[in-house]
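One file, input.cif, is given below (mmCIF, C-alpha atoms and all ligand atoms).
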data_data
#
loop_
_atom_site.label_atom_id
_atom_site.label_comp_id
_atom_site.auth_asym_id
_atom_site.auth_seq_id
_atom_site.Cartn_x
_atom_site.Cartn_y
_atom_site.Cartn_z
CA MET A 1 -19.16 -17.85 -16.89
CA ASP A 2 -15.36 -17.46 -16.55
CA GLU A 3 -15.70 -13.85 -17.63
CA ILE A 4 -18.35 -13.15 -14.97
CA VAL A 5 -16.11 -14.60 -12.24
CA VAL A 6 -13.09 -12.56 -13.40
CA ARG A 7 -15.17 -9.36 -13.69
CA TYR A 8 -16.47 -10.02 -10.17
CA ILE A 9 -12.89 -10.43 -8.87
CA HIS A 10 -11.89 -7.23 -10.73
CA PHE A 11 -14.69 -5.32 -8.99
CA ILE A 12 -13.92 -6.80 -5.54
CA GLY A 13 -10.28 -5.77 -6.05
CA ILE A 14 -11.39 -2.24 -6.98
CA LEU A 15 -13.74 -2.03 -3.94
CA PHE A 16 -10.93 -3.01 -1.56
CA LEU A 17 -8.48 -0.75 -3.38
CA ALA A 18 -10.73 2.28 -2.92
CA SER A 19 -11.68 1.37 0.67
CA THR A 20 -8.12 0.80 1.88
CA LEU A 21 -6.97 4.01 0.19
CA ALA A 22 -9.81 5.94 1.85
CA ILE A 23 -8.88 4.44 5.26
CA GLU A 24 -5.23 5.38 4.72
CA ASN A 25 -6.26 8.96 3.93
CA VAL A 26 -8.38 9.17 7.08
CA LEU A 27 -5.66 7.67 9.33
CA LEU A 28 -2.79 9.78 7.96
CA SER A 29 -1.90 12.89 9.89
CA LYS A 30 1.12 15.14 10.43
CA SER A 31 1.98 13.58 13.77
CA MET A 32 1.23 9.91 14.47
CA SER A 33 1.73 7.50 17.35
CA SER A 34 3.79 4.35 16.80
CA GLN A 35 0.59 2.29 17.11
CA SER A 36 -1.19 4.31 14.39
CA ILE A 37 1.83 3.94 12.12
CA LYS A 38 1.71 0.16 12.62
CA ARG A 39 -2.03 0.11 11.83
CA LEU A 40 -1.47 2.26 8.74
CA ALA A 41 1.29 -0.10 7.55
CA VAL A 42 -1.16 -3.04 7.78
CA VAL A 43 -3.82 -1.15 5.78
CA ASP A 44 -1.14 -0.19 3.24
CA GLY A 45 -0.28 -3.89 2.87
CA LEU A 46 -3.96 -4.68 2.16
CA TYR A 47 -3.99 -1.81 -0.36
CA GLY A 48 -1.04 -3.48 -2.14
CA VAL A 49 -2.80 -6.87 -2.18
CA SER A 50 -5.99 -5.23 -3.58
CA ALA A 51 -3.93 -3.61 -6.35
CA LEU A 52 -2.43 -7.00 -7.27
CA VAL A 53 -5.89 -8.67 -7.33
CA THR A 54 -7.29 -5.83 -9.50
CA LEU A 55 -4.27 -6.02 -11.82
CA GLY A 56 -4.40 -9.83 -12.09
CA ALA A 57 -8.13 -9.85 -12.93
CA GLY A 58 -7.66 -6.89 -15.34
CA LEU A 59 -4.86 -8.69 -17.21
CA THR A 60 -7.02 -11.85 -17.38
CA LEU A 61 -9.90 -9.83 -18.88
CA TRP A 62 -7.45 -8.30 -21.33
CA PHE A 63 -5.70 -11.46 -22.55
CA ALA A 64 -7.66 -14.54 -21.52
CA VAL A 65 -11.44 -14.13 -21.21
CA GLY A 66 -14.16 -11.93 -22.70
CA LYS A 67 -13.57 -9.70 -25.73
CA PRO A 68 -10.55 -10.31 -28.04
CA SER A 69 -7.39 -8.67 -26.68
CA GLU A 70 -7.12 -6.30 -29.72
CA PHE A 71 -10.33 -4.61 -28.53
CA TYR A 72 -8.24 -3.21 -25.66
CA THR A 73 -4.75 -3.17 -27.18
CA LYS A 74 -5.91 -0.85 -30.01
CA ASN A 75 -7.70 1.59 -27.70
CA PRO A 76 -5.76 4.65 -26.42
CA ILE A 77 -8.36 5.19 -23.69
CA PHE A 78 -7.55 1.70 -22.39
CA HIS A 79 -3.83 2.57 -22.45
CA ALA A 80 -4.60 5.77 -20.52
CA LYS A 81 -6.44 3.63 -17.93
CA VAL A 82 -3.53 1.19 -17.53
CA GLY A 83 -1.02 4.08 -17.51
CA LEU A 84 -2.93 5.90 -14.78
CA PHE A 85 -3.08 2.72 -12.71
CA LEU A 86 0.69 2.29 -13.09
CA LEU A 87 1.26 5.95 -12.15
CA ILE A 88 -0.77 5.46 -8.95
CA ALA A 89 1.20 2.27 -8.22
CA LEU A 90 4.52 4.11 -8.71
CA LEU A 91 3.40 7.04 -6.53
CA SER A 92 2.34 4.64 -3.77
CA ILE A 93 5.88 3.27 -3.47
CA ILE A 94 6.98 6.46 -1.63
CA PRO A 95 4.46 6.21 1.28
CA THR A 96 4.94 2.42 1.42
CA VAL A 97 8.72 2.76 1.82
CA PHE A 98 8.15 5.39 4.54
CA LEU A 99 5.75 3.09 6.43
CA LEU A 100 8.00 0.03 6.11
CA LYS A 101 10.89 2.08 7.47
CA HIS A 102 8.96 3.42 10.46
CA ARG A 103 6.47 0.67 11.31
CA LYS A 104 8.71 -0.58 14.13
CA THR A 105 9.42 2.87 15.55
CA THR A 106 9.50 3.12 19.32
CA ALA A 107 9.17 6.92 19.35
CA ALA A 108 5.95 8.08 21.05
CA ASN A 109 5.19 10.40 18.14
CA LEU A 110 6.43 10.40 14.60
CA SER A 111 6.13 13.40 12.31
CA VAL A 112 4.91 12.46 8.83
CA PRO A 113 6.41 14.53 5.96
CA GLN A 114 3.87 16.63 4.07
CA ARG A 115 4.79 14.93 0.77
CA ILE A 116 3.52 11.55 2.08
CA ILE A 117 0.12 13.09 2.85
CA VAL A 118 -0.03 14.92 -0.51
CA ILE A 119 0.84 11.73 -2.42
CA LYS A 120 -1.93 9.74 -0.68
CA ARG A 121 -4.48 12.50 -1.46
CA LEU A 122 -3.29 12.57 -5.08
CA GLU A 123 -3.62 8.77 -5.43
CA MET A 124 -7.25 9.09 -4.32
CA LEU A 125 -7.95 11.86 -6.85
CA LEU A 126 -6.33 9.94 -9.72
CA LEU A 127 -8.22 6.76 -8.79
CA LEU A 128 -11.51 8.65 -9.26
CA VAL A 129 -10.75 9.10 -12.98
CA LEU A 130 -10.18 5.38 -13.64
CA PRO A 131 -13.81 4.10 -13.67
CA LEU A 132 -14.73 6.79 -16.23
CA LEU A 133 -11.94 5.62 -18.57
CA ALA A 134 -13.04 2.00 -17.92
CA ALA A 135 -16.69 2.68 -18.78
CA LEU A 136 -15.67 4.54 -21.97
CA MET A 137 -13.23 1.92 -23.25
CA ALA A 138 -15.59 -1.00 -22.40
CA ARG A 139 -18.11 0.53 -24.82
CA GLY A 140 -15.51 0.98 -27.54
CA TYR A 141 -15.00 4.75 -27.23
CA GLY A 142 -11.46 5.57 -28.35
CA LEU A 143 -11.26 2.71 -30.88
CA PRO A 144 -10.12 3.84 -34.35
CA SER A 145 -13.21 3.78 -36.63
CA SER A 146 -12.57 1.50 -39.61
C1 LIG A 201 -3.68 -2.38 -15.04
C2 LIG A 201 -4.79 -2.59 -14.40
C3 LIG A 201 -6.10 -2.88 -15.07
C4 LIG A 201 -6.35 -3.58 -16.22
C5 LIG A 201 -5.36 -4.28 -17.14
C6 LIG A 201 -7.80 -3.55 -16.41
C7 LIG A 201 -8.47 -4.16 -17.46
C8 LIG A 201 -9.84 -4.21 -17.61
C9 LIG A 201 -10.55 -4.92 -18.65
C10 LIG A 201 -9.90 -5.70 -19.79
C11 LIG A 201 -11.88 -4.73 -18.44
C12 LIG A 201 -13.04 -5.30 -19.28
C13 LIG A 201 -13.73 -4.18 -20.08
C14 LIG A 201 -14.91 -4.71 -20.91
O1 LIG A 201 -15.95 -5.02 -20.35
O2 LIG A 201 -14.75 -4.78 -22.12
C15 LIG A 201 -12.03 -3.89 -17.27
C16 LIG A 201 -13.23 -3.44 -16.76
C17 LIG A 201 -13.36 -2.49 -15.79
N1 LIG A 201 -12.33 -1.94 -15.05
FE1 LIG A 201 -10.36 -2.43 -15.18
N2 LIG A 201 -8.38 -2.82 -15.40
C18 LIG A 201 -7.37 -2.38 -14.56
C19 LIG A 201 -7.52 -1.62 -13.41
C20 LIG A 201 -8.71 -1.03 -13.04
C21 LIG A 201 -8.86 -0.11 -11.96
C22 LIG A 201 -7.75 0.30 -10.99
C23 LIG A 201 -10.17 0.30 -11.95
C24 LIG A 201 -10.90 1.28 -11.06
C25 LIG A 201 -10.43 1.99 -10.13
C26 LIG A 201 -10.83 -0.38 -13.02
C27 LIG A 201 -12.18 -0.24 -13.32
C28 LIG A 201 -12.87 -1.02 -14.20
C29 LIG A 201 -14.30 -0.95 -14.40
C30 LIG A 201 -15.28 -0.03 -13.66
C31 LIG A 201 -14.61 -1.88 -15.40
C32 LIG A 201 -16.00 -2.18 -16.00
C33 LIG A 201 -16.25 -1.30 -17.20
C34 LIG A 201 -17.64 -1.53 -17.75
O3 LIG A 201 -18.01 -2.70 -18.00
O4 LIG A 201 -18.34 -0.54 -17.96
N3 LIG A 201 -9.91 -1.18 -13.66
N4 LIG A 201 -10.77 -3.58 -16.78
#

Spit out the file's structure as structure tokens when you get a sec.
Ligand code: HEM
Amino acid sequence: MDEIVVRYIHFIGILFLASTLAIENVLLSKSMSSQSIKRLAVVDGLYGVSALVTLGAGLTLWFAVGKPSEFYTKNPIFHAKVGLFLLIALLSIIPTVFLLKHRKTTAANLSVPQRIIVIKRLEMLLLLVLPLLAALMARGYGLPSS
């Protein structure tokens, strides 16, 4: 039962993670009003919370409930999944810092650097790969055969 609850929380975290990232990608543009920047900063905050919920539930599935932790620890596909998640998290720091810096701007229009837009698009692309790695490793693909 515990495992079902944690899996459910993992999936809810993932749903919110993908939704908030999609909203951020739709809202982002080269020139934004101060109000849109504020709204984007709020969505970015929710994106961060979703990542923490997903991570917390993922770590619980890894170490506390369900299959023994070695099932994951010994699997390079699982490490690729966690590594990709960390890469996305690291990339997301750059747009987050930008939004935190400018969320109180009083300028009518703020120009958003191209790299912020590219990073958000890239996060979305990388996130698409994660469920494939998850489905593979959950079925034991990648485990050394012995
Ligand atoms: C560092 C962060 C994460 C950790 C430690 C983690 C860990 C885990 C673990 C241990 C499972 C259980 C697999 C099993 O049933 O044996 C799982 C399932 C799953 N995870 Fe994650 N996860 C993380 C992030 C993510 C993210 C960001 C996504 C998707 C965007 C994701 C997608 C999935 C999916 C789809 C499953 C179900 C796989 C299946 O049963 O077919 N995970 N995760």

Show me which residues line ligand LIG 201 (chain A), defined as having an atom within 8 Å of a ligand atom where all atoms listed in the file count, and present them as a PDB file with C-alpha atoms, in the frame of the given file.
ATOM      1  CA  ARG A   7     -15.170  -9.360 -13.690  1.00  0.00           C
ATOM      2  CA  HIS A  10     -11.890  -7.230 -10.730  1.00  0.00           C
ATOM      3  CA  PHE A  11     -14.690  -5.320  -8.990  1.00  0.00           C
ATOM      4  CA  ILE A  14     -11.390  -2.240  -6.980  1.00  0.00           C
ATOM      5  CA  LEU A  17      -8.480  -0.750  -3.380  1.00  0.00           C
ATOM      6  CA  ALA A  18     -10.730   2.280  -2.920  1.00  0.00           C
ATOM      7  CA  ALA A  51      -3.930  -3.610  -6.350  1.00  0.00           C
ATOM      8  CA  THR A  54      -7.290  -5.830  -9.500  1.00  0.00           C
ATOM      9  CA  LEU A  55      -4.270  -6.020 -11.820  1.00  0.00           C
ATOM     10  CA  GLY A  56      -4.400  -9.830 -12.090  1.00  0.00           C
ATOM     11  CA  ALA A  57      -8.130  -9.850 -12.930  1.00  0.00           C
ATOM     12  CA  GLY A  58      -7.660  -6.890 -15.340  1.00  0.00           C
ATOM     13  CA  LEU A  59      -4.860  -8.690 -17.210  1.00  0.00           C
ATOM     14  CA  THR A  60      -7.020 -11.850 -17.380  1.00  0.00           C
ATOM     15  CA  LEU A  61      -9.900  -9.830 -18.880  1.00  0.00           C
ATOM     16  CA  TRP A  62      -7.450  -8.300 -21.330  1.00  0.00           C
ATOM     17  CA  PHE A  63      -5.700 -11.460 -22.550  1.00  0.00           C
ATOM     18  CA  GLY A  66     -14.160 -11.930 -22.700  1.00  0.00           C
ATOM     19  CA  LYS A  67     -13.570  -9.700 -25.730  1.00  0.00           C
ATOM     20  CA  SER A  69      -7.390  -8.670 -26.680  1.00  0.00           C
ATOM     21  CA  PHE A  71     -10.330  -4.610 -28.530  1.00  0.00           C
ATOM     22  CA  TYR A  72      -8.240  -3.210 -25.660  1.00  0.00           C
ATOM     23  CA  PHE A  78      -7.550   1.700 -22.390  1.00  0.00           C
ATOM     24  CA  LYS A  81      -6.440   3.630 -17.930  1.00  0.00           C
ATOM     25  CA  VAL A  82      -3.530   1.190 -17.530  1.00  0.00           C
ATOM     26  CA  GLY A  83      -1.020   4.080 -17.510  1.00  0.00           C
ATOM     27  CA  PHE A  85      -3.080   2.720 -12.710  1.00  0.00           C
ATOM     28  CA  LEU A  86       0.690   2.290 -13.090  1.00  0.00           C
ATOM     29  CA  LEU A 127      -8.220   6.760  -8.790  1.00  0.00           C
ATOM     30  CA  LEU A 128     -11.510   8.650  -9.260  1.00  0.00           C
ATOM     31  CA  VAL A 129     -10.750   9.100 -12.980  1.00  0.00           C
ATOM     32  CA  LEU A 130     -10.180   5.380 -13.640  1.00  0.00           C
ATOM     33  CA  PRO A 131     -13.810   4.100 -13.670  1.00  0.00           C
ATOM     34  CA  LEU A 132     -14.730   6.790 -16.230  1.00  0.00           C
ATOM     35  CA  LEU A 133     -11.940   5.620 -18.570  1.00  0.00           C
ATOM     36  CA  ALA A 134     -13.040   2.000 -17.920  1.00  0.00           C
ATOM     37  CA  ALA A 135     -16.690   2.680 -18.780  1.00  0.00           C
ATOM     38  CA  LEU A 136     -15.670   4.540 -21.970  1.00  0.00           C
ATOM     39  CA  MET A 137     -13.230   1.920 -23.250  1.00  0.00           C
ATOM     40  CA  ALA A 138     -15.590  -1.000 -22.400  1.00  0.00           C
ATOM     41  CA  ARG A 139     -18.110   0.530 -24.820  1.00  0.00           C
ATOM     42  CA  GLY A 140     -15.510   0.980 -27.540  1.00  0.00           C
TER      43      GLY A 140
END

One decimal place gives the atom CA of A:Tyr141-atom CA of A:Phe16 separation as 27.1 Å

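Nearest residue to A:Leu40, choosing from A:Val5, A:Ile88, A:Ile93, A:Val26 and counting only C-alpha atoms: A:Val26.
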
**Asked** If you count all atoms listed in the file, which residues fall within 10 Å of A:Ile94, apart from same-chain ones fewer than 2 positions away, as a ChimeraX atom specification?
**Response** /A:89-92,96-99,115-116,119-120

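Using only C-alpha atoms, the shortest contact distance between A:Ile12 and any of A:Val112, A:Met32, A:Val65, A:Val53 is found at A:Val53.
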
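Among A:Ser50, A:Ala80, A:Gly45, A:Ala22, the residue with the shortest atom-to-atom distance to A:Gly142, counting all atoms listed in the file, is A:Ala80.
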
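Across the model, the gap from atom CA of A:Leu126 to atom CA of A:Leu84 is 7.3 Å.
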
> Which polymer residues have any atom within 10 Å of an atom of A:Ser29, counting all atoms listed in the file, with same-chain residues fewer than 2 positions away left out, as an MDAnalysis selection string?
Replying inline: chainID A and resid 24:27 31:33 36:37 110:114 116:117
